[in-house]
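Since the structure comes first, as structure tokens, the remarks are kept for the end.
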Amino acid sequence: MLGLLLAGLLTFVELNCENLFDCVHDSLKQDEEFLPEGSYHWTRSRYWLKVNHIAQELAACGGPEMQMPGLIALCEVENDSVLTDLTRRSLLRKMGYEYLMTHSPDARGIDVALVYKPQTFVLVRSYALRVPLVKHMRPTRDILYASGRIISGDTLHVFVVHAPSRLGGEVASRPFRMQVAKILCLAIDSLKALNADARIIVAGDFNDYASGKSLSFICTHGMTDVSAQALGRNGAKGTYRYHGEWGSLDHILVSNSLLKAVAECYVADEPFLLEDDEKYGGKKPRRNYLGPKYLGGFSDHLPLVAKFRITASEE
């Protein structure tokens, strides 16, 4: 089982990449902004800088122990091309990462992905959960599910979520996020019906805060938001900053059976990921775009890092 003695650390990272698009038009998606002739003037040089910036950001999540993440939940990634470039051609190319991703009905073509080390997470199965629409809801991202064996011999279940935005206002858009939460919780309940001690991690951008309705609902299904109080080591008080206020729309939740294995959870706010907030003071994430203005940064979200203590099975 997952033990209390430190025999090894499993590093789990969640990151919203802020529009990791390639430069090729998908005729089935509304990706015209992210083309060389589009409003963001998204060129190959800007794209490759972005890919390597994301790789640098993820590598830094290993911390001083240089414990490269074993599992990485990514939001706002466009397609297999960008995940292939990230895992095979970027600064991460020698790390041996594999990936899974969804192919959702989201109009812009953004999806979620799980990047993993096969030595850490031996994939058993995976699939996407489609989210049925409620009134006035636009097609949204699928929920990615994957299960795999970890070094302890246990099965770990992972869900990656990118819930609908707050476009139109928090109250008006709340039913859409609640719909995602309900579909997620049906899947969680199904796993627990088979095994009450199922080890589950749910991670992603929920577009909701820890006190929000959708997160509160998920927590009533035997999950704990271990990132609710997560802080950075260089001053960040959340993963996102809006009008000078820090907050976290990104979350990592774990089942009760995993709680004792959580060594720590924090916001990865390395100095190179931050810049001065000239309008409101303090620091803010060093993002890639501000509106149509290119800044050449990393992402408007900072990564969340959770570390789990793992012991090998004695059986």
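All residue names refer to the structure tokens as shown: chains lettered A, B, ... in order, residues numbered from 1 in each chain, ligands numbered from 1 in order.
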
Contacts of A:Leu133 at 9 Å (only C-alpha atoms; same-chain gap of 4+ positions) as a ChimeraX atom specification: /A:137-140,176,179

Stretch 5-55 of chain A residues near stretch 161-165 of chain A within 12 Å, closest pair each, using only C-alpha atoms, as JSON lines:
{"residue": "A:Glu14", "atom": "CA", "partner": "A:Val161", "partner_atom": "CA", "distance": 10.2}
{"residue": "A:Leu15", "atom": "CA", "partner": "A:His162", "partner_atom": "CA", "distance": 10.6}
{"residue": "A:Asn16", "atom": "CA", "partner": "A:His162", "partner_atom": "CA", "distance": 8.8}
{"residue": "A:Cys17", "atom": "CA", "partner": "A:His162", "partner_atom": "CA", "distance": 11.6}

I need the residues from that last selection saved to file as a PDB file, in the first residue's frame (with C-alpha atoms), if you can.
ATOM      1  CA  GLU A  14      -0.804  20.468 -12.810  1.00  0.00           C
ATOM      2  CA  LEU A  15      -0.436  23.370 -15.243  1.00  0.00           C
ATOM      3  CA  ASN A  16      -2.670  25.439 -17.480  1.00  0.00           C
ATOM      4  CA  CYS A  17      -0.309  26.138 -20.394  1.00  0.00           C
TER       5      CYS A  17
END

Shell around A:Val13 at 7 Å using only C-alpha atoms, local window under 4 positions removed, as a ChimeraX atom specification: /A:69,71-73,303-306

So that I have them on file, write out the residues from the current selection with C-alpha atoms, as a CSV table (one decimal), in the first residue's frame.
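What landed in part-v3.csv:
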chain,number,residue,atom,x,y,z
A,69,PRO,CA,7.6,15.0,-12.3
A,71,LEU,CA,2.8,12.7,-13.8
A,72,ILE,CA,1.8,16.0,-15.3
A,73,ALA,CA,-1.8,17.2,-15.9
A,303,PRO,CA,2.1,25.2,-11.8
A,304,LEU,CA,0.7,23.3,-8.8
A,305,VAL,CA,3.0,20.6,-7.4
A,306,ALA,CA,1.9,17.8,-5.1

Residue list (strand (DSSP E), DSSP) for stretch 37-98 of chain A, as a list in words: Leu71, Ile72, Ala73, Leu74, Cys75, Glu76, Val77 and Glu98 of chain A

Write the residues you've just listed into a file as a PDB file, in the first residue's frame, and include N, CA, C and O atoms for each of them.
ATOM      1  N   LEU A  71       4.103  12.492 -13.116  1.00  0.00           N
ATOM      2  CA  LEU A  71       2.807  12.684 -13.754  1.00  0.00           C
ATOM      3  C   LEU A  71       2.548  14.179 -13.889  1.00  0.00           C
ATOM      4  O   LEU A  71       2.778  14.939 -12.937  1.00  0.00           O
ATOM      5  N   ILE A  72       2.055  14.588 -15.056  1.00  0.00           N
ATOM      6  CA  ILE A  72       1.811  16.006 -15.326  1.00  0.00           C
ATOM      7  C   ILE A  72       0.448  16.151 -15.984  1.00  0.00           C
ATOM      8  O   ILE A  72       0.206  15.593 -17.067  1.00  0.00           O
ATOM      9  N   ALA A  73      -0.454  16.886 -15.350  1.00  0.00           N
ATOM     10  CA  ALA A  73      -1.767  17.178 -15.908  1.00  0.00           C
ATOM     11  C   ALA A  73      -1.715  18.545 -16.579  1.00  0.00           C
ATOM     12  O   ALA A  73      -1.388  19.545 -15.928  1.00  0.00           O
ATOM     13  N   LEU A  74      -2.026  18.580 -17.869  1.00  0.00           N
ATOM     14  CA  LEU A  74      -1.930  19.822 -18.639  1.00  0.00           C
ATOM     15  C   LEU A  74      -3.300  20.250 -19.164  1.00  0.00           C
ATOM     16  O   LEU A  74      -4.084  19.419 -19.632  1.00  0.00           O
ATOM     17  N   CYS A  75      -3.551  21.551 -19.101  1.00  0.00           N
ATOM     18  CA  CYS A  75      -4.750  22.142 -19.693  1.00  0.00           C
ATOM     19  C   CYS A  75      -4.337  23.137 -20.776  1.00  0.00           C
ATOM     20  O   CYS A  75      -3.220  23.649 -20.771  1.00  0.00           O
ATOM     21  N   GLU A  76      -5.274  23.395 -21.692  1.00  0.00           N
ATOM     22  CA  GLU A  76      -5.059  24.318 -22.819  1.00  0.00           C
ATOM     23  C   GLU A  76      -3.923  23.866 -23.733  1.00  0.00           C
ATOM     24  O   GLU A  76      -2.993  24.617 -24.038  1.00  0.00           O
ATOM     25  N   VAL A  77      -4.011  22.612 -24.180  1.00  0.00           N
ATOM     26  CA  VAL A  77      -3.112  22.086 -25.207  1.00  0.00           C
ATOM     27  C   VAL A  77      -3.968  21.725 -26.419  1.00  0.00           C
ATOM     28  O   VAL A  77      -5.063  21.187 -26.274  1.00  0.00           O
ATOM     29  N   GLU A  98       5.742   9.845 -21.965  1.00  0.00           N
ATOM     30  CA  GLU A  98       4.653   9.500 -22.865  1.00  0.00           C
ATOM     31  C   GLU A  98       3.475  10.413 -22.522  1.00  0.00           C
ATOM     32  O   GLU A  98       3.493  11.104 -21.501  1.00  0.00           O
TER      33      GLU A  98
END

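Distance annotation: of A:Trp48, A:Trp246, A:Phe308, A:Phe12, the residue with the minimal separation from A:Asp277 is A:Trp246; atom set is only C-alpha atoms.
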
Residues within 10 Å of A:Gly238, only C-alpha atoms, excluding chain neighbours under 6 positions, as a PyMOL selection string: chain A and resi 227-232+245-250+266-269+284+301-304

Residues within 8 Å of A:Ser90, only C-alpha atoms, excluding chain neighbours under 4 positions, as a VMD selection string: chain A and resid 51 to 52 55 85 to 86

What would the file look like if the residues just selected were written as a PDB file, in the first residue's frame with N, CA, C and O atoms?
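The file below, selection_16.pdb, is the result:
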ATOM      1  N   VAL A  51       6.971  26.233 -26.453  1.00  0.00           N
ATOM      2  CA  VAL A  51       7.123  24.820 -26.121  1.00  0.00           C
ATOM      3  C   VAL A  51       8.288  24.619 -25.152  1.00  0.00           C
ATOM      4  O   VAL A  51       8.162  23.917 -24.137  1.00  0.00           O
ATOM      5  N   ASN A  52       9.398  25.244 -25.431  1.00  0.00           N
ATOM      6  CA  ASN A  52      10.565  25.078 -24.556  1.00  0.00           C
ATOM      7  C   ASN A  52      10.398  25.813 -23.228  1.00  0.00           C
ATOM      8  O   ASN A  52      10.947  25.382 -22.205  1.00  0.00           O
ATOM      9  N   ALA A  55       8.436  23.405 -21.201  1.00  0.00           N
ATOM     10  CA  ALA A  55       9.340  22.333 -20.774  1.00  0.00           C
ATOM     11  C   ALA A  55      10.219  22.792 -19.617  1.00  0.00           C
ATOM     12  O   ALA A  55      10.417  22.063 -18.629  1.00  0.00           O
ATOM     13  N   ASP A  85       5.749  17.416 -29.749  1.00  0.00           N
ATOM     14  CA  ASP A  85       6.865  18.358 -29.687  1.00  0.00           C
ATOM     15  C   ASP A  85       7.344  18.554 -28.256  1.00  0.00           C
ATOM     16  O   ASP A  85       8.558  18.626 -27.998  1.00  0.00           O
ATOM     17  N   LEU A  86       6.409  18.623 -27.312  1.00  0.00           N
ATOM     18  CA  LEU A  86       6.786  18.840 -25.919  1.00  0.00           C
ATOM     19  C   LEU A  86       7.544  17.638 -25.355  1.00  0.00           C
ATOM     20  O   LEU A  86       8.551  17.801 -24.655  1.00  0.00           O
TER      21      LEU A  86
END

Residue neighbourhood A:Phe21, 12 Å, only C-alpha atoms, exclusion window fewer than 6 positions, as a ChimeraX atom specification: /A:29-36,40-44,46-48,50-51,75-83,85-86,108-111

Residue among A:Val131, A:Leu123, A:Ala210, A:Leu28 lying closest to A:Val158, counting only C-alpha atoms: A:Leu123

Residue set, stretch 43-95 of chain A restricted to alpha helix (DSSP H), as a ChimeraX atom specification: /A:44-60,80-84

Residue neighbourhood A:Tyr289, 10 Å, only C-alpha atoms, exclusion window fewer than 5 positions, as number ranges by chain: A: 18-19, 40, 294-300

Expected file contents, prior selection, N, CA and C atoms, as a compact mmCIF listing (two decimals), in the first residue's frame:
# COMPACT_ATOMS: atom_id res chain seq x y z
N GLU A 18 -1.73 28.04 -20.95
CA GLU A 18 -2.10 29.28 -21.65
C GLU A 18 -1.94 29.13 -23.16
N ASN A 19 -2.90 28.47 -23.78
CA ASN A 19 -2.98 28.41 -25.24
C ASN A 19 -1.74 27.84 -25.91
N TYR A 40 -2.88 36.97 -33.26
CA TYR A 40 -1.76 36.81 -32.32
C TYR A 40 -0.42 36.67 -33.04
N TYR A 294 2.09 40.42 -27.51
CA TYR A 294 3.00 39.31 -27.25
C TYR A 294 4.03 39.72 -26.21
N LEU A 295 4.17 38.89 -25.17
CA LEU A 295 5.11 39.17 -24.08
C LEU A 295 6.26 38.18 -24.03
N GLY A 296 6.09 37.03 -24.69
CA GLY A 296 7.17 36.04 -24.72
C GLY A 296 7.44 35.36 -23.41
N GLY A 297 6.39 35.23 -22.58
CA GLY A 297 6.57 34.61 -21.28
C GLY A 297 6.26 33.13 -21.27
N PHE A 298 5.67 32.67 -20.17
CA PHE A 298 5.44 31.25 -19.96
C PHE A 298 3.95 30.95 -19.99
N SER A 299 3.23 31.32 -18.94
CA SER A 299 1.79 31.09 -18.86
C SER A 299 1.20 32.08 -17.87
N ASP A 300 -0.10 32.35 -18.03
CA ASP A 300 -0.77 33.21 -17.06
C ASP A 300 -1.15 32.44 -15.79

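In this model, the gap between atom CA of A:Leu114 and atom CA of A:Ser190 comes to 21.2 Å.
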
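With only C-alpha atoms as the basis for measurement, A:Gly70 is the residue among A:Arg177, A:Gly70, A:Leu129, A:Met223 that approaches A:Gly148 most closely.
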
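Distance check against A:Lys135 using only C-alpha atoms: of A:Ser173, A:Ser147, A:Asn256, A:Thr239, the minimum falls on A:Ser173.
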
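Shortest separation to A:Ala128 among A:Met101, A:Cys61, A:Leu91, A:Ile188 occurs at residue A:Met101, atoms counted being only C-alpha atoms.
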
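Atom CA of A:Leu92 sits 23.7 Å away from atom CA of A:Val124.
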